[in-house]
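Peer 1: Provided below: entry.pdb, containing PDB, C-alpha atoms.
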ATOM      1  CA  MET A   1     -42.917   2.760 -62.659
ATOM      2  CA  ARG A   2     -42.185  -0.938 -62.595
ATOM      3  CA  PRO A   3     -40.000  -2.439 -65.335
ATOM      4  CA  GLU A   4     -42.790  -4.800 -66.450
ATOM      5  CA  ASN A   5     -44.964  -1.754 -67.303
ATOM      6  CA  ILE A   6     -42.539  -0.471 -69.925
ATOM      7  CA  HIS A   7     -43.268  -2.201 -73.227
ATOM      8  CA  VAL A   8     -41.172  -2.579 -76.369
ATOM      9  CA  ASP A   9     -43.521  -4.698 -78.472
ATOM     10  CA  GLU A  10     -44.611  -2.852 -81.609
ATOM     11  CA  ALA A  11     -48.364  -3.290 -81.028
ATOM     12  CA  PHE A  12     -48.203  -1.601 -77.607
ATOM     13  CA  VAL A  13     -45.912   1.178 -78.851
ATOM     14  CA  GLN A  14     -48.268   1.950 -81.751
ATOM     15  CA  ALA A  15     -51.307   1.911 -79.452
ATOM     16  CA  HIS A  16     -49.650   4.353 -76.994
ATOM     17  CA  PRO A  17     -47.777   6.931 -79.102
ATOM     18  CA  ASP A  18     -48.134   9.606 -76.414
ATOM     19  CA  THR A  19     -45.903   7.668 -73.988
ATOM     20  CA  VAL A  20     -43.029   6.767 -76.312
ATOM     21  CA  LEU A  21     -39.406   6.769 -75.125
ATOM     22  CA  ASP A  22     -36.634   6.533 -77.713
ATOM     23  CA  GLY A  23     -33.723   5.118 -75.780
ATOM     24  CA  GLU A  24     -30.456   3.302 -76.174
ATOM     25  CA  ILE A  25     -29.801  -0.049 -74.519
ATOM     26  CA  VAL A  26     -26.856   0.136 -72.125
ATOM     27  CA  VAL A  27     -27.110  -3.393 -70.663
ATOM     28  CA  SER A  28     -29.259  -6.297 -71.821
ATOM     29  CA  GLU A  29     -29.638  -9.111 -69.316
ATOM     30  CA  LEU A  30     -31.139 -12.364 -70.618
ATOM     31  CA  LEU A  31     -32.890 -14.163 -67.742
ATOM     32  CA  GLY A  32     -34.394 -17.290 -69.268
ATOM     33  CA  ASN A  33     -37.907 -16.424 -70.459
ATOM     34  CA  GLU A  34     -37.400 -12.657 -70.085
ATOM     35  CA  SER A  35     -34.804  -9.941 -70.550
ATOM     36  CA  GLN A  36     -34.122  -6.800 -68.595
ATOM     37  CA  LEU A  37     -33.137  -3.901 -70.809
ATOM     38  CA  TYR A  38     -31.257  -1.138 -69.023
ATOM     39  CA  CYS A  39     -31.805   1.911 -71.204
ATOM     40  CA  LYS A  40     -30.912   5.579 -71.252
ATOM     41  CA  VAL A  41     -32.644   8.613 -72.708
ATOM     42  CA  LYS A  42     -30.448  11.705 -72.485
ATOM     43  CA  ASN A  43     -29.521  11.981 -68.763
ATOM     44  CA  HIS A  44     -32.230   9.580 -67.560
ATOM     45  CA  SER A  45     -32.354   5.821 -67.362
ATOM     46  CA  TYR A  46     -34.990   3.131 -67.041
ATOM     47  CA  ILE A  47     -35.266  -0.641 -66.935
ATOM     48  CA  ALA A  48     -37.744  -2.553 -69.074
ATOM     49  CA  LYS A  49     -38.606  -6.167 -68.290
ATOM     50  CA  VAL A  50     -39.465  -7.728 -71.653
ATOM     51  CA  ASN A  51     -39.967 -11.082 -73.299
ATOM     52  CA  ALA A  52     -36.742 -12.933 -74.075
ATOM     53  CA  ARG A  53     -37.467 -12.623 -77.811
ATOM     54  CA  ASP A  54     -37.026  -8.829 -77.394
ATOM     55  CA  HIS A  55     -33.445  -9.279 -76.143
ATOM     56  CA  GLU A  56     -31.077  -6.772 -77.787
ATOM     57  CA  VAL A  57     -27.385  -5.990 -77.594
ATOM     58  CA  PRO A  58     -25.999  -2.866 -75.883
ATOM     59  CA  GLY A  59     -25.856   0.147 -78.179
ATOM     60  CA  THR A  60     -29.128  -0.761 -79.915
ATOM     61  CA  LYS A  61     -31.686   2.050 -80.221
ATOM     62  CA  LYS A  62     -35.029   0.860 -78.857
ATOM     63  CA  THR A  63     -38.459   2.462 -78.727
ATOM     64  CA  ALA A  64     -40.571   1.755 -75.660
ATOM     65  CA  SER A  65     -43.952   2.920 -74.358
ATOM     66  CA  LEU A  66     -45.148   3.404 -70.808
ATOM     67  CA  ASP A  67     -48.331   1.852 -69.451
ATOM     68  CA  LEU A  68     -49.681   4.926 -67.665
ATOM     69  CA  ASP A  69     -52.638   2.960 -66.270
ATOM     70  CA  THR A  70     -50.226   1.409 -63.775
ATOM     71  CA  VAL A  71     -48.408   4.573 -62.633
ATOM     72  CA  HIS A  72     -48.807   6.093 -59.180
ATOM     73  CA  PHE A  73     -47.680   9.655 -58.512
ATOM     74  CA  PHE A  74     -46.734  10.886 -55.055
ATOM     75  CA  ASP A  75     -46.342  14.366 -53.605
ATOM     76  CA  PRO A  76     -42.643  14.636 -52.690
ATOM     77  CA  THR A  77     -43.411  16.613 -49.530
ATOM     78  CA  THR A  78     -46.425  14.804 -48.094
ATOM     79  CA  GLU A  79     -45.808  11.441 -49.791
ATOM     80  CA  LEU A  80     -49.561  11.255 -50.474
ATOM     81  CA  VAL A  81     -50.805   9.675 -53.696
ATOM     82  CA  LEU A  82     -51.700  12.281 -56.336
ATOM     83  CA  LYS A  83     -53.482   9.981 -58.749
TER      84      LYS A  83
END
Could you write out this file's structure as structure tokens?
Peer 2:
Amino acid sequence: MRPENIHVDEAFVQAHPDTVLDGEIVVSELLGNESQLYCKVKNHSYIAKVNARDHEVPGTKKTASLDLDTVHFFDPTTELVLK
């Protein structure tokens, strides 16, 4: 999943409650008009590319939702697309 397909804006999160991740921001990198939020959920991590107004400090709890319409799944053995 690409970082730009992980959303933290409240409207998207509310519209996609079945894909919610409750994570903690480990690193927040402000890059002009956007931020990259490096987050962890238990033993897993992900990066969300968000609008600069959604910039947060490390240690902040943040809810995100995944845009499953953009996900591609692959068979680990054959490397063929499953979706």
Peer 1: Let me make sure I understand: among A:Val13, A:Val20, A:Leu37, A:Ile25, which one has the smallest atom-to-atom distance to Gly59 of chain A if we use all atoms listed in the file?
Peer 2: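 Among the listed residues, the smallest separation from Gly59 of chain A belongs to A:Ile25.
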Peer 1: Point out the residue among A:Asp75, A:Val57, A:Leu80, A:Leu66 with the least atom-to-atom distance to Ser28 of chain A, counting only C-alpha atoms.
Peer 2: A:Val57
Peer 1: From the list A:Thr77, A:Met1, A:His7, A:Ala64, which residue is nearest Val50 of chain A when using all atoms listed in the file?
Peer 2: A:His7
Peer 1: How would you write, as a list in words, the residues chosen by the PyMOL selection byres ((chain A and resi 23) around 8) on this structure?
Peer 2: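 With the PyMOL selection byres ((chain A and resi 23) around 8) on this model, the match is Leu21, Asp22, Glu24, Ile25, Cys39, Lys40, Val41, Lys61, Lys62, Thr63 and Ala64 of chain A.
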Peer 1: Counting all atoms listed in the file, which residue out of A:Lys42, A:Ile6, A:Val27, A:His16 sits closest to Thr60 of chain A?
Peer 2: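 Closest to Thr60 of chain A of all the choices is A:Val27.
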Peer 1: Enclose the full set of atoms of segment 25-29 of chain A listed in the file within a box whose edges lie along x, y and z, apply 8 Å of padding to each of the six sides, and report centre and edge lengths in Å to one decimal as lines of an AutoDock Vina configuration file.
Peer 2:
center_x = -28.3
center_y = -4.5
center_z = -71.9
size_x = 18.9
size_y = 25.2
size_z = 21.2
Peer 1: To one decimal place in Å, what is the distance between atom CA of Ser65 of chain A and atom CA of Asn51 of chain A?
Peer 2: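 Between atom CA of Ser65 of chain A and atom CA of Asn51 of chain A the gap is 14.6 Å.
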Peer 1: Which neighbours of segment 32-35 of chain A fall inside 9 Å, counting only C-alpha atoms, when residues of the same chain fewer than 3 positions from it are skipped, and could you give them as a VMD selection string?
Peer 2: chain A and resid 28 to 29 48 to 56
Peer 1: Provide the atom CA of Gln36 of chain A to atom CA of Phe73 of chain A distance in Å, to one decimal place.
Peer 2: 23.6 Å
Peer 1: How many Å separate atom CA of Glu10 of chain A from atom CA of Val71 of chain A?
Peer 2: 20.7 Å
Peer 1: From the options A:Asp69, A:Val8, A:Ile47, A:Gln14, which residue's atoms come nearest to Val26 of chain A, counting only C-alpha atoms?
Peer 2: A:Ile47
Peer 1: Given all atoms listed in the file as the basis, pick out the residue of A:Phe12, A:Tyr46, A:Tyr38, A:His72 nearest to Pro58 of chain A.
Peer 2: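 Of A:Phe12, A:Tyr46, A:Tyr38, A:His72, the one nearest Pro58 of chain A, counting all atoms listed in the file, is A:Tyr38.
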